[in-house]
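To keep things clear, I will list the structure first and then write my remarks on it.
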Number of protein chains: 2
Amino acid sequence: MKKYAVIVAAGSGIRMGSVLPKQFLLIHNKPILWYTLHTFLKSYKDINIILVLPAEYYDTGLAVCDEMNAAYPIRAVVGGDTRFHSVQKGLSLIDEESIVFIHDAVRCLLSPSLIHHCFEETQKFGSAIPCVDARDSIRLIHATGHKSIKRSEIKLVQTPQTFQSAILLPAYQTNYQEEFTDDASVVEAAGYEVHLVDGESNNIKITTPLDLAIAEELLDPPQFSV
Amino acid sequence: MKKYAVIVAAGSGIRMGSVLPKQFLLIHNKPILWYTLHTFLKSYKDINIILVLPAEYYDTGLAVCDEMNAAYPIRAVVGGDTRFHSVQKGLSLIDEESIVFIHDAVRCLLSPSLIHHCFEETQKFGSAIPCVDARDSIRLIHATGHKSIKRSEIKLVQTPQTFQSAILLPAYQTNYQEEFTDDASVVEAAGYEVHLVDGESNNIKITTPLDLAIAEELLDPPQFSV
């Protein structure tokens with residue numbers, strides 16, 4: 001089965017307090033995006049990568065791709081106004097039956113085994129949405145206030161959200177709705193159920209300077225490109 | 001106003017894969033519990049600390065207290081079967097009007113300013129429950145499946161959960177219910193509304209070896225006791 005990874009790197013990184021979008025911040029002298037691409041390329045030699053970039057950093061993104069030495073050329077596309085529109089633009093480059101990973105570039109700590117697991121589960125079940133349990137107590141906010149709910153009643157959703165193209169591509173042929181918080185919600189709105197799998201506690205979204213310090217701790221300095 | 005902090009250190013630390021409960025694991029040669037106690041003592045010189053300990057590590061906990069040089073002696077009590085029962089035992093030592101912080105010992109990265117803020121808000125509103133936004137997408141699990149909800153519909157709840165004793169002590173005069181996921185839920189079950197305040201992104205629960213590495217990164221090596 002053909003494999004595509006849409007790597008969403010179109011964010012502006014406001015929360016990091018940095019001018020440079022966070023996918024381009026350096027860890028051991030390589031951008032965060034480098035580690036994400038490296039892990040996907042290490043997982044499957046024959047993977048096709050589509051990289052969604054901010055217009056203002058398109059060349060910066062291409063420079064990272066040039067370093068990767070991928071078997072298939074990494075294709076790049078400029079993102080849209082929301083994550084939904086960015087993914088939609090990435091998916092527009094896929095025109096064959098495949099398994100498609102959609103992954104946040106700033107989750108650079110995922111493991112190849114999570115990618116393999118998502119692939120295998122998607123072959124069987126049509127999709128694989130990695131989730132982890134919350135560690136904190138949870139409060140549900142509603143129109144008139146808030147109430148405590150059991151921790152077991154929610155899951156925190158990660159990426160790569162993985163789908164069979166036959167499900168994903170038609171689901172994304174729709175207009176943006178505010179309820180589209182991730183790819184699973186788009187696919188559900190099209191009438192499909194999604195399949196949850198276990199995520200990884202290390203697979204965090206690099207959002208704050210603390211996260212960057214964590215990533216530095218966990219990532220080995222790169223020895224050579226793939 | 002008198003100040004009490006009930007520090008709940010009665011957990012067994014199974015998730016850390018360690019024999020020693022995680023509140024006693026060392027960071028820069030001091031137990032996690034040491035940092036937590038240190039931050040409370042630094043926040044208010046006149047704070048009364050009640051430490052809830054596991055029976056098997058009671059002496060270990062007392063040895064940490066001996067190091068603290070607190071203005072008022074730290075009192076220790078053996079915990080119960082659940083967090084609820086542990087808190088209940090800690091509260092049984094409070095018999096005067098006060099503001100009471102209830103805090104997880106393994107959240108050793110909180111700042112004095114969070115403690116001060118919780119105190120001030122509790123004086124005004126009766127309680128202060130520190131919360132942060134979720135960064136991941138969220139899925140609500142229900143009896144027949146799961147559905148995507150907006151990230152803004154939930155809050156992740158931290159500690160110190162802070163209350164006026166006049167509200168907290170009567171609320172805890174009840175029997176354990178499965179719905180008691182934290183102190184706020186106990187107080188709500190007694191008919192009160194709780195007041196949410198902003199938590200801190202660094203105020204994580206040390207649960208995994210990764211968290212321990214983060215804490216090591218963030219905590220300065222101690223120079224001297226308070």
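Every chain in the structure tokens takes a letter, A first, then B, and so on in the order presented; its residues are numbered from 1, and the ligands are numbered from 1 following the presented order.
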Listing only residues of chain A within 7 Å of chain B, what is the closest atom pair and its distance in Å (to one decimal) for each, using only C-alpha atoms, sorted by chain and residue number ascending, as a tab-separated table?
residue	atom	partner	partner_atom	distance
A:Asp136	CA	B:Val157	CA	5.7
A:Ser137	CA	B:Val157	CA	5.0
A:Ile138	CA	B:Leu156	CA	5.0
A:Arg139	CA	B:Lys155	CA	5.2
A:Leu140	CA	B:Ile154	CA	4.5
A:Ile141	CA	B:Glu153	CA	4.8
A:His142	CA	B:Glu153	CA	6.8
A:Ser148	CA	B:Ser185	CA	6.0
A:Lys150	CA	B:Thr181	CA	6.5
A:Glu153	CA	B:Ile141	CA	4.8
A:Ile154	CA	B:Leu140	CA	4.5
A:Lys155	CA	B:Arg139	CA	5.2
A:Leu156	CA	B:Ile138	CA	5.0
A:Val157	CA	B:Ser137	CA	5.0
A:Gln158	CA	B:Asp136	CA	6.4
A:Glu179	CA	B:Lys150	CA	6.9
A:Thr181	CA	B:Lys150	CA	6.5
A:Asp182	CA	B:Ser137	CA	6.7
A:Ser185	CA	B:Ser148	CA	6.0
A:Ile214	CA	B:Ile214	CA	6.0
_Those in range 9-186 of chain B with alpha helix (DSSP H) from DSSP, as a PyMOL selection string_ = chain B and resi 32-43+58-66+83-91+112-125+165-171+183-186
*Surrounding residues of range 100-113 of chain B excluding itself and chain neighbours under 3 positions, 8 Å, only C-alpha atoms, as a ChimeraX atom specification*: /B:3-9,22-23,32-33,35-36,39-40,42-43,87,116-117,159-165,183,200,202-207,215,218-219
Those same residues, written as a short mmCIF file (atom, residue, chain, number, x, y, z; two decimals), in the first residue's frame with C-alpha atoms?
data_model
loop_
_atom_site.label_atom_id
_atom_site.label_comp_id
_atom_site.auth_asym_id
_atom_site.auth_seq_id
_atom_site.Cartn_x
_atom_site.Cartn_y
_atom_site.Cartn_z
CA LYS B 3 -2.92 29.44 56.35
CA TYR B 4 -2.78 25.66 56.12
CA ALA B 5 -1.30 23.54 53.36
CA VAL B 6 -2.29 19.89 53.19
CA ILE B 7 0.43 18.27 51.10
CA VAL B 8 -0.77 14.93 49.78
CA ALA B 9 2.22 12.61 49.47
CA LYS B 22 7.78 9.25 43.27
CA GLN B 23 7.50 12.02 45.87
CA ILE B 32 10.65 15.92 45.03
CA LEU B 33 8.71 16.46 48.28
CA TYR B 35 10.97 21.17 46.66
CA THR B 36 7.22 21.22 47.20
CA THR B 39 8.03 26.46 47.84
CA PHE B 40 5.15 26.60 50.32
CA LYS B 42 9.03 30.29 50.98
CA SER B 43 5.58 31.64 50.02
CA VAL B 87 -7.15 14.58 52.29
CA HIS B 116 -0.17 33.84 46.56
CA HIS B 117 -2.73 34.22 43.78
CA THR B 159 -3.39 22.02 42.52
CA PRO B 160 -3.13 23.77 45.00
CA GLN B 161 -6.92 23.70 45.16
CA THR B 162 -7.58 26.36 47.75
CA PHE B 163 -10.62 26.94 49.96
CA GLN B 164 -11.92 28.81 52.93
CA SER B 165 -12.03 26.32 55.81
CA ASP B 183 -11.24 18.57 46.05
CA GLU B 200 0.80 27.43 35.37
CA ASN B 202 5.07 24.30 34.37
CA ASN B 203 2.97 23.04 37.28
CA ILE B 204 2.97 19.44 36.06
CA LYS B 205 2.45 16.28 38.04
CA ILE B 206 5.71 14.33 38.05
CA THR B 207 4.48 10.99 36.74
CA ALA B 215 11.90 18.90 36.70
CA LEU B 218 13.70 23.53 35.69
CA LEU B 219 14.76 23.30 39.33
#
_Residues of range 48-160 of chain B classed as strand (DSSP E or B) by DSSP on the backbone are to be reported as JSON, numbers by chain._
{"B": [48, 49, 50, 51, 52, 53, 75, 76, 77, 78, 98, 99, 100, 101, 102, 103, 104, 127, 128, 129, 130, 131, 132, 133, 137, 138, 139, 140, 141, 142, 145, 146, 147, 148, 149, 154, 155, 156, 157]}
Taking N, CA, C and O atoms for each residue, export the selection above as a short mmCIF file (atom, residue, chain, number, x, y, z; two decimals), in the first residue's frame.
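Below is the file that was written, again.cif:
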data_model
loop_
_atom_site.label_atom_id
_atom_site.label_comp_id
_atom_site.auth_asym_id
_atom_site.auth_seq_id
_atom_site.Cartn_x
_atom_site.Cartn_y
_atom_site.Cartn_z
N ASN B 48 1.08 26.76 58.06
CA ASN B 48 1.05 25.49 58.80
C ASN B 48 0.97 24.36 57.79
O ASN B 48 0.01 24.28 57.03
N ILE B 49 1.94 23.47 57.81
CA ILE B 49 1.92 22.38 56.84
C ILE B 49 1.51 21.07 57.50
O ILE B 49 2.01 20.71 58.56
N ILE B 50 0.57 20.39 56.81
CA ILE B 50 0.15 19.04 57.22
C ILE B 50 0.53 18.11 56.07
O ILE B 50 0.08 18.30 54.94
N LEU B 51 1.37 17.15 56.36
CA LEU B 51 1.89 16.28 55.33
C LEU B 51 1.23 14.91 55.45
O LEU B 51 1.28 14.29 56.52
N VAL B 52 0.60 14.44 54.35
CA VAL B 52 -0.07 13.14 54.39
C VAL B 52 0.85 12.12 53.71
O VAL B 52 1.19 12.27 52.54
N LEU B 53 1.25 11.10 54.46
CA LEU B 53 2.30 10.17 54.00
C LEU B 53 1.78 8.74 53.88
O LEU B 53 0.85 8.35 54.59
N ARG B 75 3.29 18.95 60.59
CA ARG B 75 2.65 17.78 61.20
C ARG B 75 2.42 16.73 60.13
O ARG B 75 2.11 17.08 58.99
N ALA B 76 2.59 15.47 60.48
CA ALA B 76 2.43 14.40 59.50
C ALA B 76 1.32 13.46 59.93
O ALA B 76 1.05 13.31 61.12
N VAL B 77 0.67 12.86 58.94
CA VAL B 77 -0.42 11.93 59.22
C VAL B 77 -0.36 10.85 58.13
O VAL B 77 0.09 11.11 57.02
N VAL B 78 -0.76 9.64 58.47
CA VAL B 78 -0.76 8.54 57.49
C VAL B 78 -2.00 8.66 56.61
O VAL B 78 -3.10 8.94 57.12
N SER B 98 -9.49 29.37 58.54
CA SER B 98 -8.24 29.52 57.80
C SER B 98 -8.50 29.41 56.31
O SER B 98 -9.61 29.10 55.87
N ILE B 99 -7.44 29.69 55.54
CA ILE B 99 -7.44 29.37 54.10
C ILE B 99 -6.61 28.10 53.97
O ILE B 99 -5.50 28.01 54.52
N VAL B 100 -7.15 27.10 53.27
CA VAL B 100 -6.49 25.79 53.18
C VAL B 100 -6.11 25.49 51.73
O VAL B 100 -6.97 25.47 50.84
N PHE B 101 -4.82 25.27 51.51
CA PHE B 101 -4.33 24.78 50.23
C PHE B 101 -4.28 23.26 50.29
O PHE B 101 -3.75 22.71 51.26
N ILE B 102 -4.78 22.59 49.25
CA ILE B 102 -4.57 21.13 49.16
C ILE B 102 -3.74 20.90 47.91
O ILE B 102 -4.13 21.32 46.80
N HIS B 103 -2.59 20.28 48.10
CA HIS B 103 -1.62 20.22 47.00
C HIS B 103 -1.01 18.83 46.87
O HIS B 103 -0.68 18.18 47.86
N ASP B 104 -0.84 18.40 45.62
CA ASP B 104 -0.17 17.13 45.33
C ASP B 104 1.34 17.30 45.51
O ASP B 104 1.95 18.13 44.84
N SER B 127 -12.95 30.11 47.05
CA SER B 127 -12.09 29.01 46.56
C SER B 127 -11.27 29.50 45.38
O SER B 127 -11.58 30.55 44.79
N ALA B 128 -10.24 28.74 45.04
CA ALA B 128 -9.43 29.04 43.86
C ALA B 128 -8.90 27.72 43.33
O ALA B 128 -8.16 27.01 44.02
N ILE B 129 -9.31 27.39 42.11
CA ILE B 129 -8.94 26.11 41.50
C ILE B 129 -8.10 26.43 40.26
O ILE B 129 -8.63 26.89 39.25
N PRO B 130 -6.79 26.19 40.31
CA PRO B 130 -5.95 26.54 39.16
C PRO B 130 -6.17 25.57 37.99
O PRO B 130 -6.14 24.35 38.17
N CYS B 131 -6.38 26.15 36.82
CA CYS B 131 -6.67 25.36 35.62
C CYS B 131 -5.83 25.87 34.46
O CYS B 131 -5.53 27.06 34.39
N VAL B 132 -5.53 24.99 33.53
CA VAL B 132 -4.90 25.40 32.27
C VAL B 132 -5.68 24.80 31.10
O VAL B 132 -6.44 23.84 31.26
N ASP B 133 -5.47 25.40 29.93
CA ASP B 133 -6.12 24.87 28.73
C ASP B 133 -5.40 23.62 28.26
O ASP B 133 -4.19 23.47 28.45
N SER B 137 -6.12 18.07 20.90
CA SER B 137 -7.54 17.92 20.63
C SER B 137 -8.11 16.96 21.67
O SER B 137 -7.39 16.18 22.27
N ILE B 138 -9.42 17.06 21.86
CA ILE B 138 -10.05 16.31 22.95
C ILE B 138 -11.17 15.43 22.41
O ILE B 138 -11.90 15.84 21.50
N ARG B 139 -11.29 14.24 22.99
CA ARG B 139 -12.36 13.34 22.62
C ARG B 139 -13.10 12.96 23.91
O ARG B 139 -12.46 12.63 24.92
N LEU B 140 -14.39 13.08 23.86
CA LEU B 140 -15.21 12.73 25.03
C LEU B 140 -15.67 11.29 24.85
O LEU B 140 -16.20 10.92 23.80
N ILE B 141 -15.41 10.47 25.86
CA ILE B 141 -15.77 9.06 25.80
C ILE B 141 -17.14 8.90 26.46
O ILE B 141 -17.34 9.35 27.58
N HIS B 142 -18.09 8.31 25.74
CA HIS B 142 -19.40 8.06 26.36
C HIS B 142 -19.79 6.60 26.19
O HIS B 142 -19.02 5.82 25.62
N GLY B 145 -19.57 5.16 22.60
CA GLY B 145 -18.45 5.48 21.71
C GLY B 145 -17.70 6.71 22.18
O GLY B 145 -17.47 6.89 23.38
N HIS B 146 -17.35 7.56 21.25
CA HIS B 146 -16.59 8.76 21.61
C HIS B 146 -16.86 9.82 20.57
O HIS B 146 -17.21 9.52 19.44
N LYS B 147 -16.69 11.07 20.94
CA LYS B 147 -16.90 12.16 19.99
C LYS B 147 -15.91 13.28 20.28
O LYS B 147 -15.45 13.47 21.41
N SER B 148 -15.61 14.00 19.22
CA SER B 148 -14.71 15.13 19.31
C SER B 148 -15.41 16.30 20.00
O SER B 148 -16.58 16.57 19.71
N ILE B 149 -14.73 16.96 20.92
CA ILE B 149 -15.29 18.20 21.47
C ILE B 149 -14.26 19.31 21.31
O ILE B 149 -13.08 19.05 21.10
N ILE B 154 -13.00 22.17 27.65
CA ILE B 154 -12.48 21.57 28.88
C ILE B 154 -11.32 22.38 29.45
O ILE B 154 -10.67 23.16 28.75
N LYS B 155 -11.07 22.15 30.72
CA LYS B 155 -9.92 22.72 31.42
C LYS B 155 -9.22 21.58 32.15
O LYS B 155 -9.89 20.68 32.70
N LEU B 156 -7.91 21.63 32.17
CA LEU B 156 -7.14 20.67 32.96
C LEU B 156 -6.91 21.30 34.34
O LEU B 156 -6.47 22.44 34.43
N VAL B 157 -7.21 20.54 35.37
CA VAL B 157 -7.23 21.09 36.72
C VAL B 157 -5.94 20.72 37.46
O VAL B 157 -5.51 19.57 37.43
#
*Go ahead and compute the interatomic distance for CA of Gln88 in chain B and CA of Pro21 in chain B, in Å to one decimal.*
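We find that CA of Gln88 in chain B and CA of Pro21 in chain B lie 20.7 Å from each other.
The gap separating CA of Pro221 in chain B from CA of Ala70 in chain B is 19.6 Å, in Å to one decimal.
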*In Å, with one decimal, what is the gap from CA of Glu96 in chain A to CA of Gly61 in chain A?*
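Taking CA of Glu96 in chain A and CA of Gly61 in chain A, their separation equals 25.2 Å.
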*For each of A:Glu216, A:Pro170, A:Gln177, A:Leu20, take the minimum atom-to-atom distance to Ser92 in chain A, counting only C-alpha atoms, then give the residue where this is smallest.*
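Among the listed residues, the smallest separation from Ser92 in chain A belongs to A:Pro170.
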